[in-house]
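J.: One structure, pasted below without further comment.
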Amino acid sequence: MPSPGAGTGWKRFSTWPPRGARQERLSLAADGTLSSSPSAATTRGFTVNTETTPASPDEKLTFQTRPRQGDLVLAGEVTAKVRAAFTATDGNIAVIVEDVAPDGTSNRITQGWLKASHRFGHDRAVPVRPGTVYDLDIRTWPTHYRLSAGHSLRVTISSDDYPEIDSDAPAGQVSLRLGRGGTEIRLTTYEDNR
């Protein structure tokens, strides 16, 4: 992927993800942190208001790692297992993954979206029961990206990704389960010393 994050030129792999790639899991915490150590189980929510564009601060939740000690190479999909309940009869979940530089500037790495009623596939919609907690697997576009030392990984969860997709979700509240047993981000990483 072009800079930032490109490293030194293109590489060819015989398999994708590359041999030696491994899975890492990051847990989302109520304080907005993203780490490999799950915190206590809790719930945080955001409102869904399709009238406001772009999303106001209460229409999304953001989680971020501490600055990296060394480079982290993402090589494949970033997936999110989102545990969520909706007050409405349907809902959208958008997951945006970004690289945050030490000066606070950010660069989008990848994104993915899922309508809750399509959690079993797009052939037929399955109704959402308000108040029921659902496990939603959101897959992002595969990527090969270097998160440099000193940078942080940020994940934003909302019900839209304007202007990429408009939210057609009914107004209401989305509650995310966080911490132990809750929503988590799965990274495919690869050791690459440039």
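Identifiers for the structure tokens are assigned positionally: chains receive A, B, ... in sequence, residues are indexed from 1 per chain, and ligands are indexed from 1 in the order shown.
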Skip Val126 of chain A itself and residues of its chain fewer than 4 positions away, then list as a short mmCIF file (atom, residue, chain, number, x, y, z; two decimals) with N, CA, C and O atoms, in the first residue's frame all residues within 9 Å of it, counting only C-alpha atoms.
T.:
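Okay, this is what ended up in result.cif:
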```cif
data_model
loop_
_atom_site.label_atom_id
_atom_site.label_comp_id
_atom_site.auth_asym_id
_atom_site.auth_seq_id
_atom_site.Cartn_x
_atom_site.Cartn_y
_atom_site.Cartn_z
N ALA A 116 -27.12 -5.56 10.28
CA ALA A 116 -27.40 -6.62 11.25
C ALA A 116 -28.38 -7.66 10.71
O ALA A 116 -28.22 -8.86 10.97
N SER A 117 -29.35 -7.25 9.93
CA SER A 117 -30.31 -8.21 9.37
C SER A 117 -29.69 -9.11 8.31
O SER A 117 -30.28 -10.10 7.91
N HIS A 118 -28.45 -8.82 7.89
CA HIS A 118 -27.74 -9.62 6.89
C HIS A 118 -26.63 -10.45 7.55
O HIS A 118 -25.70 -10.89 6.87
N ARG A 119 -26.73 -10.67 8.85
CA ARG A 119 -25.67 -11.36 9.58
C ARG A 119 -25.47 -12.81 9.15
O ARG A 119 -24.42 -13.39 9.39
N PHE A 120 -26.46 -13.42 8.48
CA PHE A 120 -26.32 -14.78 7.98
C PHE A 120 -26.10 -14.83 6.48
O PHE A 120 -26.13 -15.89 5.87
#
```
J.: Would you return as a PyMOL selection string the members of chain A that DSSP assigns to strand (DSSP E) on this structure's backbone?
T.: chain A and resi 22-28+34-35+42-48+60-64+72-86+92-100+106-115+133-139+143-147+152-158+172-178+184-190
J.: Please provide the set of residues having any atom within 8 Å of Gly91 of chain A, restricted to only C-alpha atoms, with same-chain residues fewer than 3 positions apart removed, written as a CSV table (one decimal) with N, CA and C atoms, in the first residue's frame.
T.:
```
chain,number,residue,atom,x,y,z
A,86,PHE,N,-29.4,-3.7,19.6
A,86,PHE,CA,-30.0,-2.5,19.0
A,86,PHE,C,-31.4,-2.2,19.6
A,88,ALA,N,-33.6,-0.6,17.8
A,88,ALA,CA,-34.4,-0.7,16.6
A,88,ALA,C,-34.5,-2.1,16.0
A,115,LYS,N,-24.9,-4.9,7.7
A,115,LYS,CA,-26.3,-4.6,8.2
A,115,LYS,C,-26.6,-5.8,9.1
A,116,ALA,N,-27.1,-5.6,10.3
A,116,ALA,CA,-27.4,-6.6,11.3
A,116,ALA,C,-28.4,-7.7,10.7
A,117,SER,N,-29.3,-7.3,9.9
A,117,SER,CA,-30.3,-8.2,9.4
A,117,SER,C,-29.7,-9.1,8.3
A,159,SER,N,-22.5,3.5,13.0
A,159,SER,CA,-23.5,2.9,12.1
A,159,SER,C,-23.5,3.4,10.7
A,169,ALA,N,-30.0,2.9,8.7
A,169,ALA,CA,-30.4,2.3,9.9
A,169,ALA,C,-31.5,3.2,10.6
A,170,PRO,N,-32.5,2.6,11.2
A,170,PRO,CA,-33.5,3.4,11.9
A,170,PRO,C,-32.8,4.0,13.1
A,174,VAL,N,-27.3,1.8,19.8
A,174,VAL,CA,-26.6,0.6,19.6
A,174,VAL,C,-25.7,0.4,20.9
```
J.: Give the answer as one residue: which of A:Arg129, A:His144, A:His151, A:Arg83 has the shortest atom-to-atom distance to Arg12 of chain A, using only C-alpha atoms?
T.: A:His144
J.: Give me, as a ChimeraX atom specification, all polymer residues having an atom no more than 7 Å from Thr43 of chain A, counting only C-alpha atoms and skipping those fewer than 4 positions away in the same chain.
T.: /A:175-178
J.: Put those residues in a file: N, CA, C and O atoms, as a PDB file, in the first residue's frame.
T.:
```
ATOM      1  N   SER A 175     -25.813  -0.713  21.534  1.00  0.00           N
ATOM      2  CA  SER A 175     -25.018  -0.997  22.728  1.00  0.00           C
ATOM      3  C   SER A 175     -23.993  -2.073  22.406  1.00  0.00           C
ATOM      4  O   SER A 175     -24.353  -3.151  21.936  1.00  0.00           O
ATOM      5  N   LEU A 176     -22.718  -1.757  22.631  1.00  0.00           N
ATOM      6  CA  LEU A 176     -21.629  -2.716  22.393  1.00  0.00           C
ATOM      7  C   LEU A 176     -21.197  -3.346  23.702  1.00  0.00           C
ATOM      8  O   LEU A 176     -21.015  -2.648  24.706  1.00  0.00           O
ATOM      9  N   ARG A 177     -21.002  -4.662  23.682  1.00  0.00           N
ATOM     10  CA  ARG A 177     -20.406  -5.354  24.819  1.00  0.00           C
ATOM     11  C   ARG A 177     -18.902  -5.230  24.668  1.00  0.00           C
ATOM     12  O   ARG A 177     -18.344  -5.531  23.616  1.00  0.00           O
ATOM     13  N   LEU A 178     -18.250  -4.783  25.730  1.00  0.00           N
ATOM     14  CA  LEU A 178     -16.811  -4.531  25.713  1.00  0.00           C
ATOM     15  C   LEU A 178     -16.122  -5.342  26.797  1.00  0.00           C
ATOM     16  O   LEU A 178     -16.766  -5.916  27.669  1.00  0.00           O
TER      17      LEU A 178
END
```
J.: If we count only C-alpha atoms and set the cut-off at 8 Å, which residues sit around Ala21 of chain A, ignoring sequence neighbours fewer than 6 positions away in its own chain? Please answer as a ChimeraX atom specification.
T.: /A:75,188-191
J.: Of the candidates A:Ile109, A:Ala40, A:Ala30, A:Val73, which one gets nearest to Arg154 of chain A if we count only C-alpha atoms?
T.: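 Answer, going by the shortest atom-to-atom distance: A:Ile109.
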J.: Distance atom CA of Ala84 of chain A-atom CA of Leu114 of chain A, one decimal place?
T.: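 It comes out at 12.1 Å.
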J.: Applying 9 Å and only C-alpha atoms, which residues near Val95 of chain A remain after dropping the ones on its own chain fewer than 2 positions away? List them as a list of chain:residue names.
T.: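 Listing them by chain and then by number gives A:Thr79, A:Ala80, A:Ile93, A:Val97, A:Thr110, A:Gln111, A:Gly112, A:Trp113, A:Leu114, A:Ile138, A:Arg139, A:Thr140, A:Val155, A:Thr156, A:Ile157, A:Ser158, A:Ser159, A:Asp160, A:Asp161.
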J.: Residues of the last selection are to be written out with N, CA, C and O atoms, as a PDB file, in the first residue's frame.
T.:
```
ATOM      1  N   THR A  79     -10.530  -8.308  11.106  1.00  0.00           N
ATOM      2  CA  THR A  79     -11.941  -8.630  11.312  1.00  0.00           C
ATOM      3  C   THR A  79     -12.374  -8.163  12.693  1.00  0.00           C
ATOM      4  O   THR A  79     -11.557  -8.057  13.608  1.00  0.00           O
ATOM      5  N   ALA A  80     -13.640  -7.866  12.807  1.00  0.00           N
ATOM      6  CA  ALA A  80     -14.199  -7.452  14.086  1.00  0.00           C
ATOM      7  C   ALA A  80     -15.311  -8.414  14.460  1.00  0.00           C
ATOM      8  O   ALA A  80     -16.198  -8.685  13.651  1.00  0.00           O
ATOM      9  N   ILE A  93     -23.429  -1.752  11.258  1.00  0.00           N
ATOM     10  CA  ILE A  93     -22.169  -1.607  11.987  1.00  0.00           C
ATOM     11  C   ILE A  93     -21.083  -1.339  10.949  1.00  0.00           C
ATOM     12  O   ILE A  93     -20.900  -2.107  10.007  1.00  0.00           O
ATOM     13  N   VAL A  97     -10.549   1.245  10.400  1.00  0.00           N
ATOM     14  CA  VAL A  97      -9.243   1.025  11.020  1.00  0.00           C
ATOM     15  C   VAL A  97      -8.279   2.080  10.480  1.00  0.00           C
ATOM     16  O   VAL A  97      -8.168   2.256   9.263  1.00  0.00           O
ATOM     17  N   THR A 110      -8.151   0.433   6.421  1.00  0.00           N
ATOM     18  CA  THR A 110      -9.182  -0.413   5.820  1.00  0.00           C
ATOM     19  C   THR A 110     -10.506  -0.158   6.519  1.00  0.00           C
ATOM     20  O   THR A 110     -10.561   0.540   7.543  1.00  0.00           O
ATOM     21  N   GLN A 111     -11.561  -0.749   5.991  1.00  0.00           N
ATOM     22  CA  GLN A 111     -12.890  -0.597   6.562  1.00  0.00           C
ATOM     23  C   GLN A 111     -13.785  -1.758   6.144  1.00  0.00           C
ATOM     24  O   GLN A 111     -13.496  -2.449   5.163  1.00  0.00           O
ATOM     25  N   GLY A 112     -14.854  -1.966   6.903  1.00  0.00           N
ATOM     26  CA  GLY A 112     -15.843  -2.982   6.568  1.00  0.00           C
ATOM     27  C   GLY A 112     -17.179  -2.615   7.176  1.00  0.00           C
ATOM     28  O   GLY A 112     -17.244  -1.853   8.147  1.00  0.00           O
ATOM     29  N   TRP A 113     -18.260  -3.154   6.604  1.00  0.00           N
ATOM     30  CA  TRP A 113     -19.608  -2.804   7.047  1.00  0.00           C
ATOM     31  C   TRP A 113     -20.494  -4.034   7.042  1.00  0.00           C
ATOM     32  O   TRP A 113     -20.302  -4.950   6.247  1.00  0.00           O
ATOM     33  N   LEU A 114     -21.516  -4.021   7.902  1.00  0.00           N
ATOM     34  CA  LEU A 114     -22.502  -5.100   7.913  1.00  0.00           C
ATOM     35  C   LEU A 114     -23.829  -4.568   8.429  1.00  0.00           C
ATOM     36  O   LEU A 114     -23.873  -3.863   9.444  1.00  0.00           O
ATOM     37  N   ILE A 138     -17.662  -8.714  11.222  1.00  0.00           N
ATOM     38  CA  ILE A 138     -17.460  -7.713  10.179  1.00  0.00           C
ATOM     39  C   ILE A 138     -16.069  -7.897   9.605  1.00  0.00           C
ATOM     40  O   ILE A 138     -15.064  -7.818  10.316  1.00  0.00           O
ATOM     41  N   ARG A 139     -16.019  -8.173   8.315  1.00  0.00           N
ATOM     42  CA  ARG A 139     -14.748  -8.344   7.605  1.00  0.00           C
ATOM     43  C   ARG A 139     -14.401  -7.039   6.892  1.00  0.00           C
ATOM     44  O   ARG A 139     -15.267  -6.402   6.304  1.00  0.00           O
ATOM     45  N   THR A 140     -13.134  -6.680   6.974  1.00  0.00           N
ATOM     46  CA  THR A 140     -12.683  -5.484   6.270  1.00  0.00           C
ATOM     47  C   THR A 140     -11.991  -5.889   4.973  1.00  0.00           C
ATOM     48  O   THR A 140     -11.704  -7.065   4.745  1.00  0.00           O
ATOM     49  N   VAL A 155      -9.486   2.120  15.996  1.00  0.00           N
ATOM     50  CA  VAL A 155     -10.674   1.476  15.438  1.00  0.00           C
ATOM     51  C   VAL A 155     -11.891   2.296  15.845  1.00  0.00           C
ATOM     52  O   VAL A 155     -12.081   2.591  17.034  1.00  0.00           O
ATOM     53  N   THR A 156     -12.693   2.666  14.866  1.00  0.00           N
ATOM     54  CA  THR A 156     -13.932   3.392  15.114  1.00  0.00           C
ATOM     55  C   THR A 156     -15.101   2.506  14.720  1.00  0.00           C
ATOM     56  O   THR A 156     -15.088   1.897  13.651  1.00  0.00           O
ATOM     57  N   ILE A 157     -16.096   2.424  15.591  1.00  0.00           N
ATOM     58  CA  ILE A 157     -17.308   1.660  15.322  1.00  0.00           C
ATOM     59  C   ILE A 157     -18.492   2.615  15.358  1.00  0.00           C
ATOM     60  O   ILE A 157     -18.662   3.366  16.323  1.00  0.00           O
ATOM     61  N   SER A 158     -19.266   2.592  14.286  1.00  0.00           N
ATOM     62  CA  SER A 158     -20.438   3.465  14.195  1.00  0.00           C
ATOM     63  C   SER A 158     -21.492   2.777  13.348  1.00  0.00           C
ATOM     64  O   SER A 158     -21.380   1.604  13.036  1.00  0.00           O
ATOM     65  N   SER A 159     -22.514   3.535  12.968  1.00  0.00           N
ATOM     66  CA  SER A 159     -23.550   2.933  12.136  1.00  0.00           C
ATOM     67  C   SER A 159     -23.480   3.417  10.699  1.00  0.00           C
ATOM     68  O   SER A 159     -24.274   3.009   9.869  1.00  0.00           O
ATOM     69  N   ASP A 160     -22.500   4.285  10.390  1.00  0.00           N
ATOM     70  CA  ASP A 160     -22.298   4.684   9.001  1.00  0.00           C
ATOM     71  C   ASP A 160     -20.833   5.008   8.761  1.00  0.00           C
ATOM     72  O   ASP A 160     -20.028   5.016   9.681  1.00  0.00           O
ATOM     73  N   ASP A 161     -20.492   5.228   7.520  1.00  0.00           N
ATOM     74  CA  ASP A 161     -19.120   5.564   7.129  1.00  0.00           C
ATOM     75  C   ASP A 161     -19.215   6.597   6.015  1.00  0.00           C
ATOM     76  O   ASP A 161     -18.823   6.359   4.891  1.00  0.00           O
TER      77      ASP A 161
END
```
J.: Write out as a count of residues only all residues of segment 10-147 of chain A that DSSP puts in helix (DSSP H, G or I) for this structure's backbone.
T.: 6
J.: For atom CA of Pro18 of chain A and atom CA of Thr143 of chain A, quote the distance in Å rounded to one decimal.
T.: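 Atom-to-atom, atom CA of Pro18 of chain A and atom CA of Thr143 of chain A are spaced 11.9 Å apart.
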J.: I want to know what sits within 9 Å of Arg180 of chain A, based on only C-alpha atoms, with residues of the same chain fewer than 3 positions away left out; could you give that as a CSV table (one decimal) with N, CA and C atoms, in the first residue's frame?
T.:
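Dumped everything to around_28.csv:
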```csv
chain,number,residue,atom,x,y,z
A,27,SER,N,-8.8,-6.4,22.5
A,27,SER,CA,-10.1,-6.2,23.2
A,27,SER,C,-10.4,-4.7,23.3
A,28,LEU,N,-11.6,-4.3,23.2
A,28,LEU,CA,-12.1,-2.9,23.3
A,28,LEU,C,-12.5,-2.7,24.7
A,29,ALA,N,-12.0,-1.6,25.3
A,29,ALA,CA,-12.3,-1.3,26.7
A,29,ALA,C,-13.2,0.0,26.8
A,37,SER,N,-5.0,-7.3,26.4
A,37,SER,CA,-5.5,-7.7,27.7
A,37,SER,C,-6.9,-7.3,27.9
A,38,PRO,N,-7.9,-8.2,27.9
A,38,PRO,CA,-9.3,-7.7,28.1
A,38,PRO,C,-9.5,-7.1,29.5
A,39,SER,N,-10.3,-6.0,29.5
A,39,SER,CA,-10.7,-5.4,30.7
A,39,SER,C,-11.9,-6.1,31.3
A,40,ALA,N,-12.5,-5.6,32.4
A,40,ALA,CA,-13.7,-6.1,32.9
A,40,ALA,C,-14.8,-5.9,31.9
A,41,ALA,N,-15.8,-6.8,31.9
A,41,ALA,CA,-16.9,-6.8,31.0
A,41,ALA,C,-17.8,-5.6,31.3
A,42,THR,N,-18.2,-4.8,30.2
A,42,THR,CA,-19.0,-3.7,30.4
A,42,THR,C,-19.8,-3.4,29.1
A,177,ARG,N,-21.0,-4.7,23.7
A,177,ARG,CA,-20.4,-5.4,24.8
A,177,ARG,C,-18.9,-5.2,24.7
A,183,THR,N,-16.7,-7.4,22.4
A,183,THR,CA,-16.3,-7.1,21.1
A,183,THR,C,-14.7,-7.2,21.0
```
J.: Using only C-alpha atoms, which of the listed residues (A:Asp90, A:Lys11, A:Gly70, A:Asp137) sits closest to Ile185 of chain A?
T.: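 Closest residue, counting only C-alpha atoms: A:Asp137.
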J.: Could you work out how far atom CA of Pro163 of chain A lies from atom CA of Val48 of chain A, giving the answer in Å with one decimal?
T.: 15.9 Å
J.: Taking only C-alpha atoms into account, name the residue in A:Asn92, A:Trp141, A:His122, A:Ser36 that is nearest to Asp168 of chain A.
T.: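 Of A:Asn92, A:Trp141, A:His122, A:Ser36, the one nearest Asp168 of chain A, counting only C-alpha atoms, is A:Asn92.
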